[in-house]
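What follows is the content of run24.cif, which has mmCIF, C-alpha atoms:
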data_protein
#
loop_
_atom_site.group_PDB
_atom_site.id
_atom_site.type_symbol
_atom_site.label_atom_id
_atom_site.label_comp_id
_atom_site.auth_asym_id
_atom_site.auth_seq_id
_atom_site.Cartn_x
_atom_site.Cartn_y
_atom_site.Cartn_z
ATOM 1 C CA MET A 1 187.521 -24.685 -99.997
ATOM 2 C CA SER A 2 184.143 -23.854 -101.369
ATOM 3 C CA SER A 3 184.348 -20.115 -101.064
ATOM 4 C CA LEU A 4 182.209 -17.283 -102.288
ATOM 5 C CA GLN A 5 185.164 -15.640 -104.009
ATOM 6 C CA GLY A 6 183.844 -16.458 -107.466
ATOM 7 C CA TYR A 7 180.677 -14.457 -106.820
ATOM 8 C CA VAL A 8 182.222 -11.101 -106.012
ATOM 9 C CA ASP A 9 181.286 -8.453 -108.595
ATOM 10 C CA ARG A 10 178.797 -10.847 -110.181
ATOM 11 C CA ARG A 11 175.058 -10.527 -110.434
ATOM 12 C CA VAL A 12 173.687 -13.036 -107.995
ATOM 13 C CA LEU A 13 170.404 -14.353 -106.680
ATOM 14 C CA LEU A 14 169.973 -15.089 -102.998
ATOM 15 C CA ILE A 15 167.420 -17.351 -101.402
ATOM 16 C CA LEU A 16 166.894 -16.727 -97.697
ATOM 17 C CA GLN A 17 165.663 -18.972 -94.907
ATOM 18 C CA ASP A 18 162.263 -17.276 -94.799
ATOM 19 C CA GLY A 19 161.786 -17.971 -98.510
ATOM 20 C CA ARG A 20 162.593 -14.511 -99.770
ATOM 21 C CA VAL A 21 164.431 -14.112 -103.053
ATOM 22 C CA ILE A 22 166.829 -11.209 -103.417
ATOM 23 C CA VAL A 23 168.355 -10.337 -106.775
ATOM 24 C CA PHE A 24 170.182 -7.565 -108.484
ATOM 25 C CA PRO A 25 168.665 -5.491 -111.242
ATOM 26 C CA ALA A 26 169.567 -6.291 -114.806
ATOM 27 C CA SER A 27 172.331 -3.901 -115.709
ATOM 28 C CA LYS A 28 171.933 -2.452 -119.155
ATOM 29 C CA PRO A 29 174.544 -3.509 -121.690
ATOM 30 C CA ASN A 30 177.701 -1.442 -121.329
ATOM 31 C CA ALA A 31 176.403 0.299 -118.234
ATOM 32 C CA ASN A 32 178.586 0.459 -115.158
ATOM 33 C CA PRO A 33 178.476 -2.813 -113.335
ATOM 34 C CA GLN A 34 175.895 -2.347 -110.659
ATOM 35 C CA GLY A 35 173.751 -4.583 -108.569
ATOM 36 C CA VAL A 36 176.477 -6.994 -107.644
ATOM 37 C CA MET A 37 177.854 -8.748 -104.631
ATOM 38 C CA VAL A 38 180.487 -6.455 -103.199
ATOM 39 C CA GLY A 39 181.814 -8.501 -100.330
ATOM 40 C CA PHE A 40 181.614 -11.537 -98.096
ATOM 41 C CA ASP A 41 183.408 -12.995 -95.101
ATOM 42 C CA GLN A 42 184.226 -16.267 -93.383
ATOM 43 C CA LYS A 43 180.719 -16.695 -91.990
ATOM 44 C CA SER A 44 179.253 -16.159 -95.472
ATOM 45 C CA ASN A 45 177.785 -12.805 -94.504
ATOM 46 C CA VAL A 46 177.454 -10.897 -97.778
ATOM 47 C CA VAL A 47 177.056 -7.285 -98.841
ATOM 48 C CA LEU A 48 175.047 -6.543 -101.956
ATOM 49 C CA SER A 49 174.745 -3.263 -103.780
ATOM 50 C CA ASP A 50 171.559 -2.034 -105.382
ATOM 51 C CA SER A 51 169.570 -5.152 -104.528
ATOM 52 C CA LYS A 52 165.918 -5.928 -105.192
ATOM 53 C CA GLU A 53 163.538 -8.418 -103.709
ATOM 54 C CA ARG A 54 161.537 -10.554 -106.123
ATOM 55 C CA ILE A 55 158.119 -11.266 -104.739
ATOM 56 C CA TYR A 56 156.447 -14.311 -106.275
ATOM 57 C CA SER A 57 152.758 -15.062 -106.111
ATOM 58 C CA ILE A 58 150.233 -17.284 -107.811
ATOM 59 C CA ASP A 59 147.674 -14.560 -108.498
ATOM 60 C CA ALA A 60 150.013 -11.941 -109.924
ATOM 61 C CA GLY A 61 153.248 -11.686 -111.852
ATOM 62 C CA VAL A 62 156.575 -11.264 -110.127
ATOM 63 C CA GLU A 63 156.954 -7.965 -108.352
ATOM 64 C CA GLU A 64 160.314 -6.337 -107.702
ATOM 65 C CA ALA A 65 160.805 -4.243 -104.596
ATOM 66 C CA PRO A 66 163.991 -2.155 -104.457
ATOM 67 C CA LEU A 67 166.065 -2.699 -101.305
ATOM 68 C CA GLY A 68 169.321 -0.864 -102.047
ATOM 69 C CA LEU A 69 172.568 -1.695 -100.273
ATOM 70 C CA TYR A 70 172.004 -4.787 -98.185
ATOM 71 C CA LEU A 71 174.018 -6.790 -95.699
ATOM 72 C CA VAL A 72 172.688 -10.312 -95.379
ATOM 73 C CA LYS A 73 173.796 -12.370 -92.403
ATOM 74 C CA GLY A 74 175.323 -15.715 -93.297
ATOM 75 C CA ASP A 75 172.934 -17.718 -91.124
ATOM 76 C CA MET A 76 169.956 -16.391 -93.105
ATOM 77 C CA ILE A 77 171.315 -17.576 -96.450
ATOM 78 C CA VAL A 78 170.090 -20.755 -98.076
ATOM 79 C CA LEU A 79 171.638 -20.395 -101.498
ATOM 80 C CA ILE A 80 173.609 -17.982 -103.618
ATOM 81 C CA GLY A 81 173.385 -18.424 -107.353
ATOM 82 C CA GLU A 82 175.146 -16.656 -110.179
ATOM 83 C CA LEU A 83 172.683 -15.216 -112.691
ATOM 84 C CA ASP A 84 173.055 -15.722 -116.408
ATOM 85 C CA ASP A 85 172.349 -12.197 -117.630
ATOM 86 C CA ALA A 86 171.106 -13.199 -121.061
ATOM 87 C CA VAL A 87 168.604 -15.707 -119.686
ATOM 88 C CA ASP A 88 167.497 -13.410 -116.881
ATOM 89 C CA GLN A 89 166.768 -10.535 -119.231
ATOM 90 C CA ALA A 90 164.957 -12.725 -121.730
ATOM 91 C CA VAL A 91 162.381 -13.656 -119.081
ATOM 92 C CA ASP A 92 159.333 -11.443 -118.738
ATOM 93 C CA LEU A 93 158.859 -11.494 -114.984
ATOM 94 C CA GLY A 94 155.352 -10.124 -115.243
ATOM 95 C CA THR A 95 154.137 -13.323 -116.851
ATOM 96 C CA ILE A 96 155.554 -15.640 -114.199
ATOM 97 C CA HIS A 97 153.102 -16.897 -111.637
ATOM 98 C CA ALA A 98 154.668 -19.127 -109.024
ATOM 99 C CA GLU A 99 154.314 -20.020 -105.405
ATOM 100 C CA PRO A 100 156.817 -18.290 -103.157
ATOM 101 C CA ILE A 101 159.676 -20.528 -102.023
ATOM 102 C CA PRO A 102 158.709 -22.184 -98.735
ATOM 103 C CA PRO A 103 160.658 -21.206 -95.633
ATOM 104 C CA ILE A 104 163.278 -23.570 -94.216
ATOM 105 C CA ARG A 105 161.862 -26.161 -91.811
ATOM 106 C CA TYR A 106 164.272 -28.048 -89.630
ATOM 107 C CA MET B 107 185.533 -35.250 -91.303
ATOM 108 C CA LEU B 108 184.948 -38.578 -93.033
ATOM 109 C CA ILE B 109 181.953 -37.302 -94.961
ATOM 110 C CA PHE B 110 183.921 -34.237 -95.976
ATOM 111 C CA SER B 111 186.523 -36.574 -97.513
ATOM 112 C CA VAL B 112 183.820 -38.560 -99.277
ATOM 113 C CA PHE B 113 182.455 -35.392 -100.828
ATOM 114 C CA LYS B 114 185.921 -34.361 -101.947
ATOM 115 C CA THR B 115 186.257 -37.611 -103.902
ATOM 116 C CA LEU B 116 182.935 -36.869 -105.590
ATOM 117 C CA THR B 117 183.865 -33.563 -107.214
ATOM 118 C CA ASP B 118 182.873 -33.300 -110.875
ATOM 119 C CA GLN B 119 180.112 -35.863 -110.348
ATOM 120 C CA GLN B 120 176.423 -35.250 -110.894
ATOM 121 C CA VAL B 121 174.578 -34.978 -107.558
ATOM 122 C CA THR B 122 171.107 -33.979 -106.412
ATOM 123 C CA VAL B 123 170.805 -31.818 -103.317
ATOM 124 C CA GLU B 124 167.502 -31.644 -101.464
ATOM 125 C CA LEU B 125 167.157 -28.570 -99.293
ATOM 126 C CA LYS B 126 165.151 -28.058 -96.136
ATOM 127 C CA ASN B 127 162.768 -25.825 -98.077
ATOM 128 C CA ASP B 128 161.868 -28.840 -100.269
ATOM 129 C CA LEU B 129 163.779 -27.535 -103.271
ATOM 130 C CA SER B 130 165.785 -30.196 -105.112
ATOM 131 C CA ILE B 131 168.696 -29.092 -107.248
ATOM 132 C CA THR B 132 170.746 -31.273 -109.573
ATOM 133 C CA GLY B 133 174.177 -30.206 -110.703
ATOM 134 C CA VAL B 134 177.832 -31.014 -111.038
ATOM 135 C CA LEU B 135 179.574 -30.938 -107.657
ATOM 136 C CA LYS B 136 182.351 -28.383 -107.909
ATOM 137 C CA SER B 137 183.591 -28.087 -104.346
ATOM 138 C CA VAL B 138 182.789 -28.668 -100.700
ATOM 139 C CA ASP B 139 184.213 -27.103 -97.550
ATOM 140 C CA GLN B 140 184.389 -28.074 -93.890
ATOM 141 C CA PHE B 141 180.814 -26.855 -93.217
ATOM 142 C CA LEU B 142 179.647 -29.050 -96.105
ATOM 143 C CA ASN B 143 178.718 -25.928 -98.024
ATOM 144 C CA ILE B 144 178.353 -27.117 -101.596
ATOM 145 C CA ARG B 145 179.069 -25.473 -104.930
ATOM 146 C CA LEU B 146 177.175 -26.804 -107.907
ATOM 147 C CA ASP B 147 177.656 -26.062 -111.604
ATOM 148 C CA ASN B 148 175.147 -26.414 -114.435
ATOM 149 C CA ILE B 149 172.264 -26.588 -112.013
ATOM 150 C CA LYS B 150 168.696 -27.613 -112.679
ATOM 151 C CA VAL B 151 165.802 -27.390 -110.234
ATOM 152 C CA LEU B 152 163.861 -30.650 -110.234
ATOM 153 C CA ASP B 153 160.310 -29.308 -110.298
ATOM 154 C CA GLU B 154 160.999 -26.364 -112.572
ATOM 155 C CA ALA B 155 157.340 -25.630 -113.279
ATOM 156 C CA ARG B 156 156.701 -25.087 -109.582
ATOM 157 C CA HIS B 157 159.964 -23.313 -108.879
ATOM 158 C CA PRO B 158 160.860 -20.994 -111.769
ATOM 159 C CA HIS B 159 162.769 -18.741 -109.354
ATOM 160 C CA MET B 160 166.155 -20.122 -110.383
ATOM 161 C CA MET B 161 165.660 -20.230 -114.151
ATOM 162 C CA ALA B 162 168.535 -17.869 -114.854
ATOM 163 C CA VAL B 163 170.922 -19.354 -112.305
ATOM 164 C CA LYS B 164 173.778 -21.359 -113.807
ATOM 165 C CA ASN B 165 175.841 -22.221 -110.740
ATOM 166 C CA CYS B 166 175.255 -21.853 -107.049
ATOM 167 C CA PHE B 167 176.615 -21.991 -103.526
ATOM 168 C CA ILE B 168 174.444 -23.882 -101.058
ATOM 169 C CA ARG B 169 174.875 -23.390 -97.343
ATOM 170 C CA GLY B 170 175.637 -26.694 -95.640
ATOM 171 C CA SER B 171 173.162 -26.072 -92.828
ATOM 172 C CA VAL B 172 170.140 -26.074 -95.158
ATOM 173 C CA VAL B 173 170.886 -29.342 -96.922
ATOM 174 C CA ARG B 174 168.519 -32.189 -96.065
ATOM 175 C CA TYR B 175 169.818 -34.890 -98.406
ATOM 176 C CA VAL B 176 172.482 -35.291 -101.054
ATOM 177 C CA GLN B 177 171.839 -38.019 -103.605
ATOM 178 C CA LEU B 178 175.173 -39.449 -104.705
ATOM 179 C CA PRO B 179 176.022 -41.469 -107.784
ATOM 180 C CA SER B 180 176.281 -44.955 -106.244
ATOM 181 C CA GLU B 181 178.845 -46.184 -108.762
ATOM 182 C CA HIS B 182 181.299 -43.584 -107.442
ATOM 183 C CA VAL B 183 180.924 -44.437 -103.750
ATOM 184 C CA ASP B 184 182.870 -47.389 -102.413
ATOM 185 C CA THR B 185 180.554 -48.374 -99.559
ATOM 186 C CA GLN B 186 182.908 -51.106 -98.348
ATOM 187 C CA LEU B 187 185.743 -48.611 -98.015
ATOM 188 C CA LEU B 188 183.388 -46.164 -96.325
ATOM 189 C CA GLU B 189 182.241 -48.767 -93.787
ATOM 190 C CA ASP B 190 185.819 -49.685 -92.953
ATOM 191 C CA ALA B 191 186.810 -46.048 -92.579
ATOM 192 C CA THR B 192 183.816 -45.462 -90.309
ATOM 193 C CA ARG B 193 184.808 -48.374 -88.076
ATOM 194 C CA ARG B 194 188.382 -47.162 -87.929
ATOM 195 C CA GLU B 195 187.262 -43.661 -87.004
ATOM 196 C CA SER B 196 184.895 -44.819 -84.248
ATOM 197 C CA LEU B 197 187.589 -47.146 -82.891
ATOM 198 C CA ALA B 198 190.005 -44.239 -82.742
ATOM 199 C CA ALA B 199 187.381 -42.174 -80.936
ATOM 200 C CA VAL B 200 186.909 -44.903 -78.307
ATOM 201 C CA LYS B 201 190.662 -45.190 -77.699
ATOM 202 C CA ARG B 202 190.939 -41.482 -77.088
#

So, in terms of structure tokens, how does the structure I just supplied come out?
Amino acid sequence: MSSLQGYVDRRVLLILQDGRVIVFPASKPNANPQGVMVGFDQKSNVVLSDSKERIYSIDAGVEEAPLGLYLVKGDMIVLIGELDDAVDQAVDLGTIHAEPIPPIRY
Amino acid sequence: MLIFSVFKTLTDQQVTVELKNDLSITGVLKSVDQFLNIRLDNIKVLDEARHPHMMAVKNCFIRGSVVRYVQLPSEHVDTQLLEDATRRESLAAVKR
């Protein structure tokens, strides 16, 4: 069973069907764990605490919009990835110019 | 059900998953479930320059419904066995 169990209490990145990318803020070293996946169910609906959306564009660096506590319906999810904290914090988001991820086309 | 079994035999193999948003991700297949949701380890996005979004992601869970193709390592798929199993399954379906 390929379950989401391994992602609970981890910092994760979500890609949604409409191409949006939702992540969790880099927690400072030794700070309380925050910005993590707090729950999921059989239909892969997930609940995320302290989430942010990362908005990518060609003309400007990556922008982060705070979203807070979010419930994402399973059918909207494309991918859930576990973030490597060290790598994520080493990247200066402001310098990244990239096309947004295209929406899902059936 | 047959394809589910095929995927189960392919765990720990390197596969490339193409998604319906044109993202292609290579990684080690860790597990599959009945919806063909896929868990990959040690992932790499194929066109990383165009898609830097997943730079810091080391492993991921992909929802089965958004997968367009999965490229399998051909040396680990016994096509003859697969053909036979397919025939057997369709025969069983006819009998029922």

- Might you spell out which residues the PyMOL selection byres ((chain A and resi 15) around 9) would select in the displayed file, as an NGL selection string? :A and (13-14 or 16-23 or 76-81 or 101)

- Message: On this structure, the PyMOL selection byres ((chain B) within 12 of (chain A)) would catch which residues? List them as a ChimeraX atom specification, sorted by chain and number.
- Response: /B:110,113-114,117,123-131,135-150,153-174

- Task: Tell me which of A:Tyr70, A:Gln5, A:Arg10, A:Asp92 sits closest to A:Asp50, counting all atoms listed in the file.
- Result: A:Tyr70

- If the PyMOL selection byres ((chain A and resi 38) around 9) is run on the structure shown, which residues does it catch, given as a PyMOL selection string? chain A and resi 7-10+35-37+39-40+46-49

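The residue set within 12 Å of B:Ala191, counting only C-alpha atoms and dropping same-chain residues fewer than 3 places from it, reads Met107, Leu108, Ile109, Ser111, Val112, Asp184, Thr185, Gln186, Leu187, Leu188, Arg194, Glu195, Ser196, Leu197 and Ala198 of chain B.
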
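In this structure, atom CA of B:Leu178 sits 29.4 Å away from atom CA of B:Val200.
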
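Rounded to one decimal, atom CA of A:Lys73 and atom CA of A:Ser51 lie 14.7 Å from each other.
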
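Picture a line from atom CA of A:Gly61 to atom CA of A:Gly94; it runs 4.3 Å.
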
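The protein and nucleic acid residues lying at most 8 Å from B:Pro179 are Gln119, Gln120 and Val121 of chain B, with all atoms listed in the file considered and sequence neighbours fewer than 5 positions away removed.
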
Can you tell me, as lines of an AutoDock Vina configuration file, the centre and edge lengths (Å, one decimal) of the axis-aligned box enclosing all of stretch 45-57 of chain A's listed atoms after padding each side by 3 Å?
center_x = 165.3
center_y = -8.5
center_z = -100.4
size_x = 31.0
size_y = 19.0
size_z = 17.8
